[in-house]
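For reference, work29.cif is printed below; it contains mmCIF, C-alpha atoms.
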```cif
data_work
loop_
_atom_site.label_atom_id
_atom_site.label_comp_id
_atom_site.auth_asym_id
_atom_site.auth_seq_id
_atom_site.Cartn_x
_atom_site.Cartn_y
_atom_site.Cartn_z
CA MET P 1 -5.66 41.61 12.66
CA ALA P 2 -7.00 39.69 15.67
CA HIS P 3 -9.68 41.38 17.73
CA VAL P 4 -8.41 42.46 21.16
CA PRO P 5 -11.16 42.61 23.82
CA THR P 6 -11.43 45.82 25.77
CA THR P 7 -10.97 45.85 29.55
CA GLU P 8 -14.71 46.26 30.01
CA ALA P 9 -15.42 43.32 27.74
CA GLN P 10 -12.87 41.14 29.54
CA SER P 11 -14.45 42.00 32.88
CA LEU P 12 -17.90 41.14 31.55
CA ILE P 13 -16.66 37.80 30.26
CA GLU P 14 -15.12 36.95 33.62
CA ARG P 15 -18.39 37.81 35.39
CA TYR P 16 -20.26 35.63 32.94
CA LYS P 17 -17.88 32.70 33.60
CA GLN P 18 -18.14 33.09 37.38
CA THR P 19 -21.93 33.24 37.26
CA ARG P 20 -22.03 30.15 35.05
CA GLN P 21 -19.75 28.26 37.46
CA MET P 22 -21.98 29.12 40.41
CA GLN P 23 -25.05 27.91 38.53
CA LEU P 24 -23.36 24.57 37.79
CA LEU P 25 -22.37 24.20 41.45
CA ASP P 26 -25.96 24.83 42.55
CA GLN P 27 -27.16 22.13 40.15
CA LEU P 28 -24.57 19.60 41.30
CA TYR P 29 -24.85 20.29 45.04
CA PRO P 30 -28.38 21.62 45.80
CA ALA P 31 -28.27 20.42 49.43
CA SER P 32 -24.65 21.21 50.14
CA PRO P 33 -24.02 22.86 53.53
CA LEU P 34 -21.51 25.09 51.76
CA GLN P 35 -24.27 26.76 49.79
CA PRO P 36 -25.08 30.29 51.05
CA PRO P 37 -28.25 30.19 53.19
CA GLN P 38 -29.81 33.18 51.46
CA SER P 39 -28.77 32.63 47.87
CA GLN P 40 -30.28 35.17 45.52
CA PRO P 41 -31.52 34.13 42.04
CA TYR P 42 -28.79 34.60 39.48
CA GLN P 43 -29.29 37.11 36.73
CA HIS P 44 -28.25 36.04 33.24
CA ILE P 45 -25.63 38.38 31.78
CA VAL P 46 -25.94 38.62 28.01
CA THR P 47 -22.59 38.67 26.21
CA ALA P 48 -21.34 38.24 22.68
CA LEU P 49 -20.40 34.67 23.59
CA ASP P 50 -24.07 33.72 23.67
CA SER P 51 -24.24 34.01 19.90
CA LEU P 52 -21.94 30.98 19.65
CA PHE P 53 -24.75 28.82 20.94
CA GLU P 54 -27.60 30.23 18.88
CA GLU P 55 -27.10 27.81 15.99
CA ALA P 56 -26.87 24.81 18.31
CA ALA P 57 -30.02 25.91 20.13
CA ALA P 58 -32.00 26.35 16.92
CA PRO P 59 -34.68 23.71 16.26
CA VAL P 60 -33.65 20.87 13.99
CA ARG P 61 -35.35 20.99 10.60
CA LYS P 62 -37.46 17.97 9.77
CA GLY P 63 -38.09 16.79 6.23
CA PRO P 64 -36.88 18.26 2.96
CA GLN P 65 -37.14 22.02 2.53
CA PHE P 66 -36.95 21.82 -1.27
CA THR P 67 -38.80 19.31 -3.42
CA VAL P 68 -38.14 18.52 -7.07
CA GLU P 69 -41.37 17.72 -8.89
CA ARG P 70 -40.08 18.18 -12.44
CA MET P 71 -36.58 18.78 -13.73
CA ARG P 72 -34.80 18.90 -17.05
CA VAL P 73 -31.33 19.79 -18.31
CA ALA P 74 -31.24 22.71 -20.72
CA HIS P 75 -29.74 21.83 -24.12
CA ARG P 76 -26.55 23.57 -25.26
CA PHE P 77 -28.48 25.41 -27.98
CA GLU P 78 -30.84 26.94 -25.41
CA LYS P 79 -28.17 29.35 -24.27
CA GLY P 80 -29.97 32.35 -25.76
CA TRP P 81 -33.24 31.38 -24.09
CA LEU P 82 -31.47 30.90 -20.74
CA GLN P 83 -29.85 34.33 -20.94
CA GLU P 84 -33.13 36.00 -21.85
CA THR P 85 -35.19 34.18 -19.23
CA PHE P 86 -32.80 34.39 -16.29
CA SER P 87 -30.75 37.51 -17.09
CA ASP P 88 -32.11 39.37 -14.05
CA THR P 89 -31.64 36.50 -11.62
CA ALA P 90 -29.91 37.29 -8.33
CA TRP P 91 -27.79 34.22 -7.62
CA SER P 92 -26.63 32.44 -4.49
CA PHE P 93 -23.84 29.88 -4.58
CA PHE P 94 -23.04 26.77 -2.57
CA GLY P 95 -19.66 25.07 -2.94
CA PRO P 96 -17.94 22.10 -1.28
CA GLN P 97 -18.61 22.09 2.46
CA PRO P 98 -16.71 20.90 5.56
CA GLN P 99 -19.51 18.41 6.35
CA ARG P 100 -17.72 16.00 3.99
CA THR P 101 -20.65 14.41 2.19
CA LEU P 102 -20.31 12.50 -1.07
CA LEU P 103 -20.84 15.74 -2.99
CA ASP P 104 -17.99 17.41 -1.09
CA THR P 105 -15.32 14.71 -1.07
CA THR P 106 -15.75 13.02 -4.46
CA ARG P 107 -13.35 14.12 -7.19
CA THR P 108 -14.91 16.47 -9.70
CA VAL P 109 -13.97 14.21 -12.62
CA ASP P 110 -15.95 11.41 -10.97
CA LEU P 111 -19.00 13.59 -10.29
CA ARG P 112 -18.86 14.77 -13.90
CA ALA P 113 -18.93 11.13 -15.14
CA ARG P 114 -21.92 10.38 -12.91
CA MET P 115 -23.76 13.43 -14.19
CA GLN P 116 -23.01 12.37 -17.76
CA ALA P 117 -24.61 8.99 -17.03
CA HIS P 118 -27.73 10.41 -15.38
CA PHE P 119 -28.28 13.73 -17.14
CA GLY P 120 -26.45 13.45 -20.45
CA ALA P 121 -24.11 16.10 -21.84
CA PRO P 122 -23.72 19.44 -20.00
CA THR P 123 -25.44 22.59 -21.12
CA TYR P 124 -22.03 24.27 -21.37
CA VAL P 125 -18.41 23.13 -21.69
CA LEU P 126 -15.30 25.19 -22.22
CA ALA P 127 -15.05 24.12 -25.88
CA ASP P 128 -18.29 26.00 -26.64
CA ASP P 129 -16.63 29.39 -26.22
CA LEU P 130 -12.86 29.69 -26.63
CA GLN P 131 -12.49 33.45 -26.73
CA PRO P 132 -8.86 34.55 -26.21
CA ASP P 133 -9.81 37.41 -23.88
CA ARG P 134 -12.11 35.44 -21.58
CA ASP P 135 -11.61 35.80 -17.83
CA ASP P 136 -13.18 32.53 -16.71
CA PHE P 137 -12.40 28.96 -17.65
CA ASP P 138 -15.21 26.86 -16.20
CA GLN P 139 -14.82 23.26 -17.33
CA PHE P 140 -18.54 22.50 -17.50
CA ALA P 141 -21.96 23.66 -16.32
CA TYR P 142 -25.33 21.91 -16.16
CA TRP P 143 -28.33 24.21 -16.30
CA PHE P 144 -31.39 22.59 -14.72
CA VAL P 145 -34.87 24.03 -14.97
CA VAL P 146 -36.61 22.77 -11.84
CA ASN P 147 -40.38 22.77 -11.35
CA ASP P 148 -40.76 24.65 -14.66
CA SER P 149 -39.28 27.96 -13.45
CA ILE P 150 -36.39 27.59 -10.99
CA PRO P 151 -32.86 27.76 -12.48
CA VAL P 152 -30.21 25.60 -10.85
CA VAL P 153 -26.66 25.58 -12.22
CA VAL P 154 -24.11 22.88 -11.28
CA SER P 155 -20.51 23.56 -12.35
CA ASP P 156 -16.99 22.44 -11.50
CA ALA P 157 -15.40 23.96 -8.42
CA ASP P 158 -12.06 24.67 -10.09
CA GLY P 159 -11.27 22.10 -12.74
CA PRO P 160 -10.74 18.33 -12.74
CA ARG P 161 -8.04 18.27 -10.06
CA ASN P 162 -10.38 19.35 -7.28
CA ARG P 163 -13.32 17.81 -5.47
CA GLY P 164 -16.99 18.66 -5.30
CA VAL P 165 -19.10 21.01 -7.42
CA ILE P 166 -20.66 24.46 -7.12
CA VAL P 167 -24.45 24.75 -7.05
CA ALA P 168 -26.17 28.07 -7.76
CA THR P 169 -29.82 29.08 -7.80
CA GLU P 170 -32.08 32.07 -7.21
CA ARG P 171 -31.27 34.01 -4.07
CA ARG P 172 -34.75 33.44 -2.68
CA TRP P 173 -33.74 29.80 -2.15
CA ARG P 174 -30.53 30.73 -0.36
CA SER P 175 -31.62 29.46 3.06
CA VAL P 176 -32.26 25.97 1.68
CA LEU P 177 -29.36 25.71 -0.78
CA PRO P 178 -28.08 22.49 0.84
CA ASP P 179 -31.52 20.95 0.24
CA VAL P 180 -31.51 22.22 -3.35
CA ARG P 181 -28.17 20.51 -3.95
CA GLU P 182 -29.32 17.26 -2.37
CA ALA P 183 -32.60 17.18 -4.29
CA VAL P 184 -31.16 18.02 -7.72
CA LEU P 185 -28.16 15.70 -7.45
CA GLN P 186 -29.92 12.86 -5.67
CA PRO P 187 -29.67 10.57 -8.76
CA ILE P 188 -25.88 10.58 -8.71
CA ARG P 189 -25.92 9.77 -4.99
CA GLU P 190 -28.25 6.82 -5.33
CA THR P 191 -26.27 4.90 -7.96
CA PRO P 192 -22.59 5.20 -8.94
CA ASP P 193 -23.24 4.84 -12.69
CA ARG P 194 -20.66 6.62 -14.84
CA ALA P 195 -20.53 7.41 -18.56
CA PRO P 196 -17.52 8.30 -20.74
CA TYR P 197 -16.90 11.97 -21.51
CA VAL P 198 -14.17 14.40 -22.52
CA ASP P 199 -13.87 18.07 -21.55
CA TYR P 200 -11.23 20.66 -22.23
CA PHE P 201 -9.65 22.35 -19.26
CA TYR P 202 -7.27 25.31 -19.03
CA ASP P 203 -4.89 25.46 -16.09
CA ARG P 204 -4.19 29.10 -15.34
CA VAL P 205 -1.20 28.21 -13.16
CA ASP P 206 0.89 26.37 -15.74
CA ARG P 207 -0.95 28.00 -18.67
CA ARG P 208 -1.62 24.73 -20.42
CA TRP P 209 -4.67 23.13 -22.01
CA TYR P 210 -5.78 19.61 -21.09
CA ARG P 211 -8.23 16.92 -22.08
CA ALA P 212 -9.98 15.72 -18.93
CA GLY P 213 -12.45 12.89 -18.71
CA TYR P 214 -13.39 9.27 -18.26
CA ASP P 215 -12.96 6.60 -20.93
CA GLY P 216 -15.21 3.99 -19.35
CA ILE P 217 -12.36 2.38 -17.45
CA GLN P 218 -10.26 5.12 -15.92
CA PHE P 219 -10.11 8.88 -15.46
CA PHE P 220 -7.50 10.86 -17.36
CA LEU P 221 -5.95 14.31 -17.59
CA GLU P 222 -3.59 14.82 -20.52
CA PRO P 223 -2.04 17.92 -22.14
CA VAL P 224 -3.37 19.05 -25.51
CA SER P 225 -2.16 21.70 -27.94
CA ARG P 226 -4.26 24.86 -28.15
CA ARG P 227 -4.04 24.54 -31.94
CA ALA P 228 -5.93 21.25 -31.69
CA LEU P 229 -8.99 22.99 -30.20
CA THR P 230 -11.72 24.24 -32.53
CA PRO P 231 -14.05 26.87 -31.00
CA GLY P 232 -17.60 25.57 -30.83
CA ARG P 233 -16.61 21.95 -31.41
CA ARG P 234 -16.74 19.68 -28.41
CA PRO P 235 -14.06 16.99 -28.15
CA PRO P 236 -15.02 13.57 -29.56
CA PRO P 237 -16.05 10.78 -27.17
CA PRO P 238 -13.15 8.82 -25.71
CA THR P 239 -12.29 5.30 -26.82
CA PRO P 240 -11.32 2.73 -24.16
#
```
Encoded form using structure tokens:
Amino acid sequence: MAHVPTTEAQSLIERYKQTRQMQLLDQLYPASPLQPPQSQPYQHIVTALDSLFEEAAAPVRKGPQFTVERMRVAHRFEKGWLQETFSDTAWSFFGPQPQRTLLDTTRTVDLRARMQAHFGAPTYVLADDLQPDRDDFDQFAYWFVVNDSIPVVVSDADGPRNRGVIVATERRWRSVLPDVREAVLQPIRETPDRAPYVDYFYDRVDRRWYRAGYDGIQFFLEPVSRRALTPGRRPPPPTP
């Protein structure tokens, strides 16, 4: 339901607008004979509208706020170690943004091929755990261990049909999550190298399984029978 301003709030907003208009007139016509001879200094009226300008008035950050000194991708068989080491982690997430950078507008299948070329196979793919009662169907996830102790997880936003990826890390880095994303995924921004891969994907809308990937020439998304999937066995590499 839309917020309806109270009469008092509307009156305050009108006063704010009138005061602002008078200030602009004084700036434009300081020597105007129409200006009152004994003009009193204007008092700033604080309103909720001022908060709209707080972000714009904030100082611009200079330089990176997050630096990667060392980074590695956790192997698929390190799942137990990851769960034990980071089980108590409070996470913050950062998905595709309206700023429309490469990491927001590029198709997820393309970003996945670039990550395959630069980082190798993901830590997790859907084929690793095909439990019938699962409630999530993430296509893939890369677990990075940054600077020896910081977990960063990059996963698909919602399957191969969408764009961008989701980046998650410890909540203490929440204020610089855009910098975390840029620093960790910088390699796939610098060069457009792609490597072949195949993932399984489950579409919860049409309730069908698919093979999604890149064969070295083109991207593909094709239906596959659930009976053809073996739990724990990743799909074989594609052939051009």
Quiz item: Between atom CA of P:Ala168 and atom CA of P:Val153, what is the distance, to one decimal in Å?
Solution: 5.1 Å
Report as a tab-separated table the residues of stretch 62-150 of chain P within 8 Å of stretch 232-235 of chain P, each with its shortest atom pair and distance in Å (one decimal), using only C-alpha atoms, ordered by chain and increasing residue number.
```
residue	atom	partner	partner_atom	distance
P:Val125	CA	P:Arg234	CA	7.7
P:Ala127	CA	P:Arg234	CA	5.4
P:Asp128	CA	P:Gly232	CA	4.3
P:Asp129	CA	P:Gly232	CA	6.1
P:Leu130	CA	P:Gly232	CA	7.6
```
Quiz item: Of the residues P:Ile188, P:Leu82, P:Ala212, P:Ala90, which is the one nearest to P:Phe140, using all atoms listed in the file?
Solution: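 Smallest distance to P:Phe140 is found for P:Ala212.
Between atom CA of P:Tyr142 and atom CA of P:Ala74 the interatomic distance comes to 7.5 Å.
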Quiz item: So which residues get picked by the PyMOL selection byres ((chain P and resi 79) around 12) here, written as a list in words?
Solution: Val73, Ala74, His75, Arg76, Phe77, Glu78, Gly80, Trp81, Leu82, Gln83, Glu84, Thr85, Phe86, Ser87, Pro122, Thr123, Tyr124, Val125, Asp128, Asp129, Ala141, Tyr142 and Trp143 of chain P
Exercise. Counting only C-alpha atoms, write as a VMD selection string all protein and nucleic acid residues lying at most 12 Å from (-11.7, 7.5, -25.9) in the file's frame.
Key: chain P and resid 195 to 199 211 to 220 235 to 240
Exercise. Name the residues that the PyMOL selection byres ((chain P and resi 189) around 12) picks from the file above, as number ranges by chain, using the file's chain letters and numbers.
Key: P: 101-104, 106, 110-111, 114-115, 118, 181-188, 190-194
Practice problem: Please evaluate the PyMOL selection byres ((chain P and resi 222) around 6) against the displayed coordinates and give the resulting residues as JSON, numbers by chain. | Solution: {"P": [210, 211, 221, 223]}
Quiz item: Given the choices P:Phe93, P:Met71, P:Phe66, P:Ser225, which gets closest to P:Val167 if the distance is worked out from all atoms listed in the file?
Solution: P:Phe93
Quiz prompt | Straight-line distance linking atom CA of P:Arg174 with atom CA of P:Val152, stated in Å to one decimal | solution =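 Separating atom CA of P:Arg174 from atom CA of P:Val152 is a distance of 11.7 Å.
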